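Peer 1: Please find one structure pasted underneath; my questions will follow.
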Amino acid sequence: MVERGVILAAGRGTRLHPVTKTQPKEMVPVGRKPAIEYIVDELAQAGIMDVLIVTGKHKSSLEAYFDDSAMTLGYKAGGIRIYFVRQPQPLGTGDAIKRAIGWTNDKPFVVAMGDCIIWSPKGCNITHELIEVHERYCAAVTVAVELVKRSETNKYGIVCVKRHGHTMRVTGVIEKPSPEDAPSRLAIAGRYVFDPVVYEALNEVKTCEGKELGITDAIGLLINKGFPVYCVKLRDGQIRMDVGSFEGYFKAFIWAAINDNECSKAIRSFVQRVLKSNKLI
């Protein structure tokens with residue numbers, strides 16, 4: 001059973017400079033709470049009670065936010081335990097995942113990107129669905145995917161599938177292909193479930209010294225070896241937002257604001273007035 005989750009939060013956040021020169025991108029406010037809290041909430045709602053956050057240099061505010069003195073969030077009462085480990089150098093997502101090898105206890109585990117929020121309607125949780133699919137098919141890897149524009153495939157890891165549907169067998173994965181070379185428009189959406197065999201694959205991937213170790217190559221290696229890899233497409237109403245860029249961050253904050261329980265009506269009215277006035281500052 002999948003009981004543990006890993007959140008990758010070690011990146012430098014250079015796309016959000018100068019905002020992230022003094023705070024982690026995972027701690028930027030999105031509505032009433034920092035971005036990373038949405039991800040912890042998602043994992044908790046999927047039944048993940050133990051969460052390891054992989055951090056980097058200058059990210060002590062993440063630990064301070066979740067420590068005992070800051071437990072006004074309900075995590076302690078809910079039985080959720082949050083742990084931390086540091087990635088000494090920013091050497092890629094694959095290297096960050098390897099930091100969890102002793103902690104995941106030789107069992108399948110969830111991985112979530114710390115700058116990626118997935119908004120879902122009530123009762124619809126992408127992490128929960130990934131876990132179900134992973135267990136149902138005894139998969140080595142199960143990933144969330146979303147349909148992106150053909151012109152944007154060079155921003156993502158793109159999967160190749162046997163046939164299209166909601167749950168699909170993955171036959172290949174390419175990191176940031178050009179629109180002409182992309183095998184599909186299905187982009188990996190920042191959520192994974194891994195079998196421990198992924199650690200062996202990460203150790204086999206060859207990288208030059210000092211170069212980043214990505215997770216895409218390890219997934220591709222497992223596919224080539226015949227391991228079952230599946231993907232689950234985001235449903236209608238599920239929206240992924242990358243808060244690691246200003247465009248994604250602005251969209252996420254606006255979305256949180258217009259859906260705020262207390263201020264939604266006033267914010268929606270304000271946005272409509274601004275758009276109708278057609279004036280820019």
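Residues are referred to by chain and number: the chain letter is A, B, ... according to the order shown in the structure tokens, the number counts from 1 in that chain, and ligands are numbered separately from 1 in the order shown.
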Skipping near chain neighbours, those fewer than 5 positions away, what residues fall within 10 Å of Ile126 in chain A using only C-alpha atoms, listed as a list in words?

Peer 2: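 Counting only C-alpha atoms, the residues come to Glu42, Leu43, Ala46, Ile118, Trp119, Ser120, Ile131, Glu132, Val143, Ala144, Arg191, Tyr192, Val232, Lys233, Leu234, Arg235 and Gln238 of chain A.
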
Peer 1: Mind running range 191-221 of chain A against range 85-105 of chain A at 6 Å and telling me each contacting residue's nearest atom pair with the distance in Å (one decimal), counting only C-alpha atoms, chain and number ascending, as CSV?

Peer 2:
```
residue,atom,partner,partner_atom,distance
A:Glu212,CA,A:Leu91,CA,4.2
A:Leu213,CA,A:Gly92,CA,4.8
A:Gly214,CA,A:Gly94,CA,4.6
A:Ile215,CA,A:Gly94,CA,4.6
```

Peer 1: Would you please extract all strand (DSSP E) residues from range 18-256 of chain A, as assigned by DSSP on the backbone, and give them as a ChimeraX atom specification?

Peer 2: /A:29-30,33-34,50-55,81-86,109-113,116-119,141-147,157-161,167-175,186-194,229-233,239-242

Peer 1: May I have the selected residues written with C-alpha atoms, as a PDB file, in the first residue's frame?

Peer 2:
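File produced: result_30.pdb:
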```pdb
ATOM      1  CA  PRO A  29       1.219  33.085  -0.628  1.00  0.00           C
ATOM      2  CA  VAL A  30      -1.574  31.761  -2.827  1.00  0.00           C
ATOM      3  CA  LYS A  33      -1.878  30.062   2.604  1.00  0.00           C
ATOM      4  CA  PRO A  34       1.484  29.255   1.042  1.00  0.00           C
ATOM      5  CA  ASP A  50       3.750  10.684   6.425  1.00  0.00           C
ATOM      6  CA  VAL A  51       5.194  13.426   4.209  1.00  0.00           C
ATOM      7  CA  LEU A  52       8.879  14.047   3.544  1.00  0.00           C
ATOM      8  CA  ILE A  53       9.764  17.481   2.150  1.00  0.00           C
ATOM      9  CA  VAL A  54      13.073  17.631   0.268  1.00  0.00           C
ATOM     10  CA  THR A  55      14.502  21.123   0.716  1.00  0.00           C
ATOM     11  CA  ARG A  81       3.691  13.704  10.275  1.00  0.00           C
ATOM     12  CA  ILE A  82       5.982  15.986   8.289  1.00  0.00           C
ATOM     13  CA  TYR A  83       9.703  15.360   7.940  1.00  0.00           C
ATOM     14  CA  PHE A  84      12.541  17.137   6.167  1.00  0.00           C
ATOM     15  CA  VAL A  85      15.717  16.185   4.337  1.00  0.00           C
ATOM     16  CA  ARG A  86      18.107  18.474   2.480  1.00  0.00           C
ATOM     17  CA  PHE A 109       5.444   6.169  -2.539  1.00  0.00           C
ATOM     18  CA  VAL A 110       3.952   9.377  -3.924  1.00  0.00           C
ATOM     19  CA  VAL A 111       6.064  12.231  -5.285  1.00  0.00           C
ATOM     20  CA  ALA A 112       4.658  15.744  -5.766  1.00  0.00           C
ATOM     21  CA  MET A 113       6.408  18.775  -7.209  1.00  0.00           C
ATOM     22  CA  CYS A 116       2.723  22.601  -8.744  1.00  0.00           C
ATOM     23  CA  ILE A 117      -0.808  23.055  -7.394  1.00  0.00           C
ATOM     24  CA  ILE A 118      -3.620  20.912  -8.790  1.00  0.00           C
ATOM     25  CA  TRP A 119      -7.074  22.307  -8.060  1.00  0.00           C
ATOM     26  CA  VAL A 141       5.375   4.119 -12.142  1.00  0.00           C
ATOM     27  CA  THR A 142       2.065   5.967 -12.404  1.00  0.00           C
ATOM     28  CA  VAL A 143       2.014   9.639 -13.411  1.00  0.00           C
ATOM     29  CA  ALA A 144      -0.593  12.354 -13.766  1.00  0.00           C
ATOM     30  CA  VAL A 145      -0.797  13.963 -17.207  1.00  0.00           C
ATOM     31  CA  GLU A 146      -2.645  16.887 -18.723  1.00  0.00           C
ATOM     32  CA  LEU A 147      -3.397  17.881 -22.292  1.00  0.00           C
ATOM     33  CA  GLY A 157       7.973  15.744 -20.176  1.00  0.00           C
ATOM     34  CA  ILE A 158       5.643  14.291 -22.838  1.00  0.00           C
ATOM     35  CA  VAL A 159       4.372  10.704 -22.758  1.00  0.00           C
ATOM     36  CA  CYS A 160       3.628   8.343 -25.619  1.00  0.00           C
ATOM     37  CA  VAL A 161       0.646   6.044 -25.029  1.00  0.00           C
ATOM     38  CA  THR A 167      -6.031   5.720 -17.762  1.00  0.00           C
ATOM     39  CA  MET A 168      -3.344   4.759 -20.291  1.00  0.00           C
ATOM     40  CA  ARG A 169      -0.298   2.493 -20.582  1.00  0.00           C
ATOM     41  CA  VAL A 170       2.787   4.596 -21.258  1.00  0.00           C
ATOM     42  CA  THR A 171       5.101   3.322 -23.997  1.00  0.00           C
ATOM     43  CA  GLY A 172       7.645   6.128 -23.944  1.00  0.00           C
ATOM     44  CA  VAL A 173       8.495   9.513 -22.471  1.00  0.00           C
ATOM     45  CA  ILE A 174      10.492  12.407 -23.936  1.00  0.00           C
ATOM     46  CA  GLU A 175      11.748  15.417 -21.989  1.00  0.00           C
ATOM     47  CA  LEU A 186       0.035  14.638 -22.834  1.00  0.00           C
ATOM     48  CA  ALA A 187       2.383  16.374 -20.398  1.00  0.00           C
ATOM     49  CA  ILE A 188       3.476  15.018 -17.016  1.00  0.00           C
ATOM     50  CA  ALA A 189       1.637  17.116 -14.430  1.00  0.00           C
ATOM     51  CA  GLY A 190       3.855  17.037 -11.350  1.00  0.00           C
ATOM     52  CA  ARG A 191       2.399  13.997  -9.561  1.00  0.00           C
ATOM     53  CA  TYR A 192       3.854  10.480  -9.500  1.00  0.00           C
ATOM     54  CA  VAL A 193       3.581   7.162  -7.699  1.00  0.00           C
ATOM     55  CA  PHE A 194       6.782   5.120  -7.765  1.00  0.00           C
ATOM     56  CA  VAL A 229       4.115   2.421 -16.469  1.00  0.00           C
ATOM     57  CA  TYR A 230       0.701   4.097 -16.506  1.00  0.00           C
ATOM     58  CA  CYS A 231      -0.644   7.618 -16.672  1.00  0.00           C
ATOM     59  CA  VAL A 232      -3.892   9.159 -15.469  1.00  0.00           C
ATOM     60  CA  LYS A 233      -5.260  12.185 -17.291  1.00  0.00           C
ATOM     61  CA  ILE A 239      -6.527  22.507 -13.128  1.00  0.00           C
ATOM     62  CA  ARG A 240      -2.755  22.384 -12.727  1.00  0.00           C
ATOM     63  CA  MET A 241      -0.891  25.621 -12.022  1.00  0.00           C
ATOM     64  CA  ASP A 242       2.876  26.045 -11.873  1.00  0.00           C
TER      65      ASP A 242
END
```

Peer 1: Could you jot down the CA of Thr153 in chain A to CA of Lys176 in chain A separation for me, Å, one decimal place?

Peer 2: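 These two atoms are separated by 6.0 Å.
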
Peer 1: Among range 12-225 of chain A, which residues does DSSP mark as helix (DSSP H, G or I) when it is run on the backbone? Keep the chain and numbering as in the structure and answer as JSON, numbers by chain.

Peer 2: {"A": [14, 15, 16, 19, 20, 21, 25, 26, 27, 35, 36, 37, 38, 39, 40, 41, 42, 43, 44, 45, 60, 61, 62, 63, 64, 65, 66, 68, 69, 70, 93, 94, 95, 96, 97, 98, 126, 127, 128, 129, 130, 131, 132, 133, 134, 135, 136, 150, 151, 152, 153, 154, 155, 197, 198, 199, 200, 201, 202, 203, 204, 216, 217, 218, 219, 220, 221, 222, 223, 224]}

Peer 1: So how far away is CA of Ala256 in chain A from CA of Lys21 in chain A, in Å?

Peer 2: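 About the pair CA of Lys21 in chain A and CA of Ala256 in chain A: they are 23.8 Å apart.
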
Peer 1: Name all residues at most 10 Å from Gln23 in chain A (count only C-alpha atoms; drop same-chain ones fewer than 6 positions away) and give them as a list in words.

Peer 2: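 Within the cut-off, the hits are Arg12, Gly13, His17, His58, Lys59, Ser60, Ser61 and Leu62 of chain A.
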
Peer 1: Could you state the separation of CA of Lys107 in chain A and CA of Thr207 in chain A in Å, given to one decimal place?

Peer 2: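 Computed distance, CA of Lys107 in chain A to CA of Thr207 in chain A, equals 26.1 Å.
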
Peer 1: Looking at only C-alpha atoms, which of A:Asn259, A:Thr127, A:Ser184, A:Asn203 is the one that sits closest to Lys149 in chain A?

Peer 2: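 For Lys149 in chain A, the nearest of the given residues is A:Ser184.
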